[in-house]
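Trainee: Pasting a structure below so you can have a look.
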Amino acid sequence: MAGFALAALNLRPAIAGVSPLLDEIMNDVGLSPAGGGAITTVMVVCLGVFGPVTPLLARRIGLDRTLMAGLLVIAAGVALRGLDGAPVLYLGSALAATAIAVMNVSMPGIVKQHFPTRVNLLTGVYVSCVVAGAAAASALVIPIEHATGYDWRGVSALLAVPALLAALLWLPQALRRPEAAQNGPRPFGTVLRSRVTWSITALMGLQSLTFYVMLAWLPTIFLEAGLTPEEAGYLLSLTNAVQVGTSLAVPVLAGRRASQVPYVVGAGVLTVLGYLGMLLAPTTVPWVWMIVLGIGQGASFALALLIIALRPSSPAEVTALSAVAQSVGYVIAALGPLLFGLLREVSGGWTVPLVAGLGVIGVQIVAGWFAGRPATLSRAEV
């Protein structure tokens, strides 16, 4: 349990820890703003592209060893990018993101394999640890830099420590014989032919898109509405912090029911209210809008991962479904901030982008209604 939770905590710091250090990285390495932004872009693209590798690894070495390998590669990647030169910076970032992609896909299968009777609780633990890891990394890298006297390279290398600790705690699982279930029939055909798969994939992708849009543009929206940079940063931190508690509680409650439709629709409606608050009254009680938005987005993310773990009947099918839903989902999500920015540039304001975002959330709710209905991903239903 400790190894599982700490592994989940390592799924975002390598990405979230870049933004606070970006100016320092650009000045030290000699990157342009586009080159600096490309670090995160490369990592998000890797999240989508390399997820499908996971079921192949799981069949050969088992899910436990796949997770172990991911932790070790994260440690290697964050250490590598601290070496001298732009090429190793990008290579190390891509290596860490590839490992995160594999672990993203592995985690729902790990839940199904080790905790089949407590999928809802362990999904909540896993998702809340993911969110907490991102929040901690973005909040602590600068204080750690000041406290230790290290530059960005040293702080980046320190991110390898929790990954190595998680690998040590997970070692007893990795040393066991690979689980026999991975030697069964190949599950990709079942997953790809099921209508349920594509509803879940749409839910995963669209909720990720609206999340990454807010992550990229929320402070700018509030700045242009007249708030100070400190207030805008606080509001982003607030909405991210709210997601930690929400992502722990919602899967526990939703997993007790055969249908997750009321929860998915409710989460979508709360996300709509958060967007509407920023659209219509961004400077009026903005902290209320951020709490509502955080609850909605945190619940949507947790529910998407819970449904991925609940619908298939075996860990192998969970891993295959997770690969499809998260790979396609992150490719969709990567387009969101870019398209949102283009709409802002063309329209000259935030009204059109936020209205477009509301339309995306509407489609997300519809996809969630289909994904949340009771169903089993089985050969009889493809």
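By convention in this document, the chains of the structure tokens carry letters A, B, ... by their order, each chain's residues are numbered from 1, and ligands are numbered from 1 in the order they are shown.
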Name the residues of stretch 133-217 of chain A that come out as helix (DSSP H, G or I) in a backbone DSSP run; write them as a PyMOL selection string.
Mentor: chain A and resi 133-148+152-158+160-174+180-183+188-193+195-217
Trainee: Tell me which of A:Arg311, A:Arg373, A:Arg344, A:Arg176 sits closest to A:Gly109, counting only C-alpha atoms.
Mentor: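 Result for the nearest residue to A:Gly109: A:Arg311.
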Trainee: Write out as a ChimeraX atom specification each polymer residue whose atoms come within 10 Å of A:Val261, counting only C-alpha atoms; drop sequence neighbours fewer than 2 positions from it.
Mentor: /A:254,257-259,263-267,303,365-366,368-374
Trainee: Restricting it to all heavy atoms, dump the selection as a short mmCIF file (atom, residue, chain, number, x, y, z; two decimals), in the first residue's frame.
Mentor:
data_model
loop_
_atom_site.label_atom_id
_atom_site.label_comp_id
_atom_site.auth_asym_id
_atom_site.auth_seq_id
_atom_site.Cartn_x
_atom_site.Cartn_y
_atom_site.Cartn_z
N ALA A 254 -18.88 7.01 -5.28
CA ALA A 254 -19.41 6.59 -6.58
C ALA A 254 -19.21 5.10 -6.82
O ALA A 254 -20.03 4.45 -7.50
CB ALA A 254 -18.75 7.39 -7.70
N ARG A 257 -22.00 2.38 -6.06
CA ARG A 257 -23.20 2.28 -6.90
C ARG A 257 -22.89 1.58 -8.22
O ARG A 257 -21.77 1.65 -8.72
CB ARG A 257 -23.78 3.67 -7.18
CG ARG A 257 -24.25 4.39 -5.93
CD ARG A 257 -24.72 5.79 -6.27
NE ARG A 257 -25.26 6.48 -5.11
CZ ARG A 257 -26.56 6.49 -4.78
NH1 ARG A 257 -27.42 5.83 -5.55
NH2 ARG A 257 -26.98 7.13 -3.72
N ALA A 258 -23.90 0.95 -8.77
CA ALA A 258 -23.71 0.31 -10.08
C ALA A 258 -23.54 1.35 -11.17
O ALA A 258 -22.80 1.15 -12.13
CB ALA A 258 -24.91 -0.60 -10.39
N SER A 259 -24.24 2.48 -11.03
CA SER A 259 -24.16 3.55 -12.02
C SER A 259 -23.43 4.75 -11.43
O SER A 259 -23.72 5.18 -10.31
CB SER A 259 -25.56 3.97 -12.46
OG SER A 259 -25.50 5.12 -13.29
N TYR A 263 -22.97 11.07 -10.51
CA TYR A 263 -21.73 11.71 -10.11
C TYR A 263 -21.03 12.38 -11.29
O TYR A 263 -20.51 13.50 -11.17
CB TYR A 263 -20.80 10.69 -9.46
CG TYR A 263 -21.30 10.17 -8.14
CD1 TYR A 263 -22.09 9.02 -8.09
CD2 TYR A 263 -21.02 10.82 -6.95
CE1 TYR A 263 -22.57 8.54 -6.88
CE2 TYR A 263 -21.49 10.35 -5.74
CZ TYR A 263 -22.27 9.21 -5.71
OH TYR A 263 -22.75 8.74 -4.51
N VAL A 264 -21.01 11.70 -12.44
CA VAL A 264 -20.35 12.27 -13.62
C VAL A 264 -21.08 13.52 -14.09
O VAL A 264 -20.46 14.55 -14.40
CB VAL A 264 -20.29 11.23 -14.75
CG1 VAL A 264 -19.70 11.85 -16.01
CG2 VAL A 264 -19.46 10.02 -14.33
N VAL A 265 -22.41 13.46 -14.12
CA VAL A 265 -23.19 14.62 -14.53
C VAL A 265 -23.03 15.75 -13.52
O VAL A 265 -22.85 16.92 -13.89
CB VAL A 265 -24.67 14.24 -14.70
CG1 VAL A 265 -25.52 15.49 -14.95
CG2 VAL A 265 -24.83 13.27 -15.86
N GLY A 266 -23.09 15.42 -12.23
CA GLY A 266 -22.91 16.45 -11.20
C GLY A 266 -21.55 17.12 -11.28
O GLY A 266 -21.45 18.35 -11.15
N ALA A 267 -20.50 16.33 -11.53
CA ALA A 267 -19.16 16.91 -11.66
C ALA A 267 -19.10 17.84 -12.87
O ALA A 267 -18.48 18.91 -12.82
CB ALA A 267 -18.12 15.79 -11.79
N LEU A 303 -13.44 10.20 -11.43
CA LEU A 303 -14.49 9.33 -11.95
C LEU A 303 -14.06 8.65 -13.25
O LEU A 303 -14.37 7.48 -13.47
CB LEU A 303 -15.77 10.14 -12.17
CG LEU A 303 -16.50 10.54 -10.88
CD1 LEU A 303 -17.52 11.64 -11.17
CD2 LEU A 303 -17.20 9.33 -10.26
N ILE A 365 -20.23 15.92 -20.53
CA ILE A 365 -21.35 15.39 -19.73
C ILE A 365 -22.08 14.29 -20.47
O ILE A 365 -22.45 13.26 -19.90
CB ILE A 365 -22.30 16.54 -19.33
CG1 ILE A 365 -21.59 17.48 -18.34
CG2 ILE A 365 -23.58 16.00 -18.72
CD1 ILE A 365 -22.38 18.74 -18.03
N VAL A 366 -22.31 14.51 -21.77
CA VAL A 366 -22.98 13.48 -22.57
C VAL A 366 -22.15 12.20 -22.62
O VAL A 366 -22.66 11.09 -22.42
CB VAL A 366 -23.25 14.00 -24.00
CG1 VAL A 366 -23.81 12.88 -24.88
CG2 VAL A 366 -24.22 15.18 -23.96
N GLY A 368 -19.96 11.27 -20.45
CA GLY A 368 -19.98 10.70 -19.11
C GLY A 368 -21.26 9.96 -18.81
O GLY A 368 -21.25 8.97 -18.07
N TRP A 369 -22.36 10.43 -19.36
CA TRP A 369 -23.64 9.73 -19.15
C TRP A 369 -23.57 8.32 -19.73
O TRP A 369 -24.02 7.36 -19.10
CB TRP A 369 -24.77 10.52 -19.79
CG TRP A 369 -26.13 9.96 -19.47
CD1 TRP A 369 -26.89 10.21 -18.36
CD2 TRP A 369 -26.89 9.06 -20.28
NE1 TRP A 369 -28.07 9.49 -18.42
CE2 TRP A 369 -28.09 8.79 -19.59
CE3 TRP A 369 -26.67 8.44 -21.51
CZ2 TRP A 369 -29.08 7.94 -20.10
CZ3 TRP A 369 -27.63 7.59 -22.02
CH2 TRP A 369 -28.83 7.35 -21.32
N PHE A 370 -22.99 8.18 -20.92
CA PHE A 370 -22.85 6.85 -21.52
C PHE A 370 -21.80 6.01 -20.79
O PHE A 370 -21.98 4.82 -20.56
CB PHE A 370 -22.49 6.96 -23.00
CG PHE A 370 -23.63 7.38 -23.87
CD1 PHE A 370 -23.73 8.69 -24.34
CD2 PHE A 370 -24.62 6.48 -24.23
CE1 PHE A 370 -24.79 9.08 -25.14
CE2 PHE A 370 -25.70 6.87 -25.03
CZ PHE A 370 -25.78 8.18 -25.49
N ALA A 371 -20.68 6.64 -20.42
CA ALA A 371 -19.60 5.91 -19.75
C ALA A 371 -19.99 5.47 -18.35
O ALA A 371 -19.53 4.43 -17.86
CB ALA A 371 -18.34 6.78 -19.69
N GLY A 372 -20.82 6.27 -17.67
CA GLY A 372 -21.16 5.99 -16.28
C GLY A 372 -22.25 4.96 -16.07
O GLY A 372 -22.47 4.51 -14.94
N ARG A 373 -22.94 4.56 -17.15
CA ARG A 373 -24.00 3.57 -17.00
C ARG A 373 -23.42 2.20 -16.67
O ARG A 373 -22.31 1.88 -17.10
CB ARG A 373 -24.83 3.48 -18.29
CG ARG A 373 -25.61 4.74 -18.60
CD ARG A 373 -26.47 4.56 -19.83
NE ARG A 373 -25.67 4.21 -21.01
CZ ARG A 373 -26.19 3.88 -22.19
NH1 ARG A 373 -27.50 3.84 -22.34
NH2 ARG A 373 -25.41 3.59 -23.19
N PRO A 374 -24.15 1.36 -15.91
CA PRO A 374 -23.64 0.03 -15.59
C PRO A 374 -23.37 -0.78 -16.86
O PRO A 374 -24.24 -0.86 -17.74
CB PRO A 374 -24.78 -0.61 -14.78
CG PRO A 374 -25.57 0.55 -14.27
CD PRO A 374 -25.45 1.62 -15.31
#
Trainee: Rank nothing, just name the residue among A:Val45, A:Leu140, A:Ala135, A:Val272 nearest to A:Gly329, using only C-alpha atoms.
Mentor: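 Using only C-alpha atoms, the shortest distance to A:Gly329 belongs to A:Val45.
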Trainee: What's the separation between atom CA of A:Val191 and atom CA of A:Pro312, in Å to one decimal place?
Mentor: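 Distance between the two atoms: 8.7 Å.
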Trainee: Out of A:Val105, A:Leu223, A:Ala299, A:Ala160, which residue has the shortest atom-to-atom distance to A:Leu80 when counting only C-alpha atoms?
Mentor: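 Nearest candidate to A:Leu80 out of A:Val105, A:Leu223, A:Ala299, A:Ala160: A:Ala160.
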Trainee: Interatomic distance between atom CA of A:Phe50 and atom CA of A:Thr210?
Mentor: 21.9 Å
Trainee: One number please: atom CA of A:Leu158 to atom CA of A:Ser327, in Å, one decimal.
Mentor: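 So the answer is 28.2 Å.
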Trainee: When distances are computed from only C-alpha atoms, which of A:Glu224, A:Gln207, A:Ile291, A:Ala16 shows the smallest separation from A:Ala137?
Mentor: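 Nearest candidate to A:Ala137 out of A:Glu224, A:Gln207, A:Ile291, A:Ala16: A:Ala16.
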Trainee: List the spatial neighbours of A:Arg177 as a list in words - criterion: any atom at most 10 Å away, only C-alpha atoms, same-chain residues fewer than 3 positions off excluded.
Mentor: Ile61, Gly62, Asp64, Arg65, Gln173, Ala174 and Ala180 of chain A
Trainee: Selection from above, all heavy atoms, as a PDB file, in the first residue's frame, can you write it?
Mentor:
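Heads up, here's the output in out20.pdb:
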ATOM      1  N   ILE A  61       6.417  -8.881 -18.663  1.00  0.00           N
ATOM      2  CA  ILE A  61       7.076  -8.888 -17.352  1.00  0.00           C
ATOM      3  C   ILE A  61       6.104  -8.726 -16.188  1.00  0.00           C
ATOM      4  O   ILE A  61       6.510  -8.803 -15.028  1.00  0.00           O
ATOM      5  CB  ILE A  61       8.157  -7.786 -17.268  1.00  0.00           C
ATOM      6  CG1 ILE A  61       7.545  -6.386 -17.403  1.00  0.00           C
ATOM      7  CG2 ILE A  61       9.218  -8.004 -18.335  1.00  0.00           C
ATOM      8  CD1 ILE A  61       8.541  -5.252 -17.210  1.00  0.00           C
ATOM      9  N   GLY A  62       4.815  -8.494 -16.473  1.00  0.00           N
ATOM     10  CA  GLY A  62       3.836  -8.318 -15.411  1.00  0.00           C
ATOM     11  C   GLY A  62       3.664  -6.856 -15.032  1.00  0.00           C
ATOM     12  O   GLY A  62       4.552  -6.024 -15.230  1.00  0.00           O
ATOM     13  N   ASP A  64       3.425  -5.521 -12.017  1.00  0.00           N
ATOM     14  CA  ASP A  64       4.251  -5.078 -10.890  1.00  0.00           C
ATOM     15  C   ASP A  64       5.642  -4.656 -11.343  1.00  0.00           C
ATOM     16  O   ASP A  64       6.174  -3.625 -10.906  1.00  0.00           O
ATOM     17  CB  ASP A  64       4.360  -6.193  -9.850  1.00  0.00           C
ATOM     18  CG  ASP A  64       3.040  -6.466  -9.158  1.00  0.00           C
ATOM     19  OD1 ASP A  64       2.191  -5.563  -9.155  1.00  0.00           O
ATOM     20  OD2 ASP A  64       2.854  -7.571  -8.617  1.00  0.00           O
ATOM     21  N   ARG A  65       6.249  -5.437 -12.226  1.00  0.00           N
ATOM     22  CA  ARG A  65       7.578  -5.095 -12.709  1.00  0.00           C
ATOM     23  C   ARG A  65       7.539  -3.918 -13.674  1.00  0.00           C
ATOM     24  O   ARG A  65       8.500  -3.144 -13.763  1.00  0.00           O
ATOM     25  CB  ARG A  65       8.222  -6.317 -13.358  1.00  0.00           C
ATOM     26  CG  ARG A  65       8.491  -7.439 -12.357  1.00  0.00           C
ATOM     27  CD  ARG A  65       9.124  -8.647 -12.987  1.00  0.00           C
ATOM     28  NE  ARG A  65       9.298  -9.716 -12.005  1.00  0.00           N
ATOM     29  CZ  ARG A  65       9.805 -10.905 -12.258  1.00  0.00           C
ATOM     30  NH1 ARG A  65      10.208 -11.198 -13.500  1.00  0.00           N
ATOM     31  NH2 ARG A  65       9.909 -11.816 -11.310  1.00  0.00           N
ATOM     32  N   GLN A 173       6.985  -6.529  -4.392  1.00  0.00           N
ATOM     33  CA  GLN A 173       5.996  -6.916  -5.400  1.00  0.00           C
ATOM     34  C   GLN A 173       6.684  -7.273  -6.721  1.00  0.00           C
ATOM     35  O   GLN A 173       6.314  -8.242  -7.390  1.00  0.00           O
ATOM     36  CB  GLN A 173       4.999  -5.772  -5.635  1.00  0.00           C
ATOM     37  CG  GLN A 173       4.304  -5.275  -4.391  1.00  0.00           C
ATOM     38  CD  GLN A 173       3.469  -6.338  -3.713  1.00  0.00           C
ATOM     39  OE1 GLN A 173       2.929  -7.229  -4.374  1.00  0.00           O
ATOM     40  NE2 GLN A 173       3.389  -6.273  -2.398  1.00  0.00           N
ATOM     41  N   ALA A 174       7.691  -6.492  -7.087  1.00  0.00           N
ATOM     42  CA  ALA A 174       8.373  -6.713  -8.361  1.00  0.00           C
ATOM     43  C   ALA A 174       9.165  -8.018  -8.370  1.00  0.00           C
ATOM     44  O   ALA A 174       9.382  -8.599  -9.439  1.00  0.00           O
ATOM     45  CB  ALA A 174       9.300  -5.534  -8.667  1.00  0.00           C
ATOM     46  N   ALA A 180      -0.034 -14.543 -13.546  1.00  0.00           N
ATOM     47  CA  ALA A 180      -0.424 -15.454 -14.635  1.00  0.00           C
ATOM     48  C   ALA A 180      -1.459 -14.844 -15.554  1.00  0.00           C
ATOM     49  O   ALA A 180      -1.550 -15.184 -16.722  1.00  0.00           O
ATOM     50  CB  ALA A 180      -0.967 -16.758 -14.049  1.00  0.00           C
TER      51      ALA A 180
END
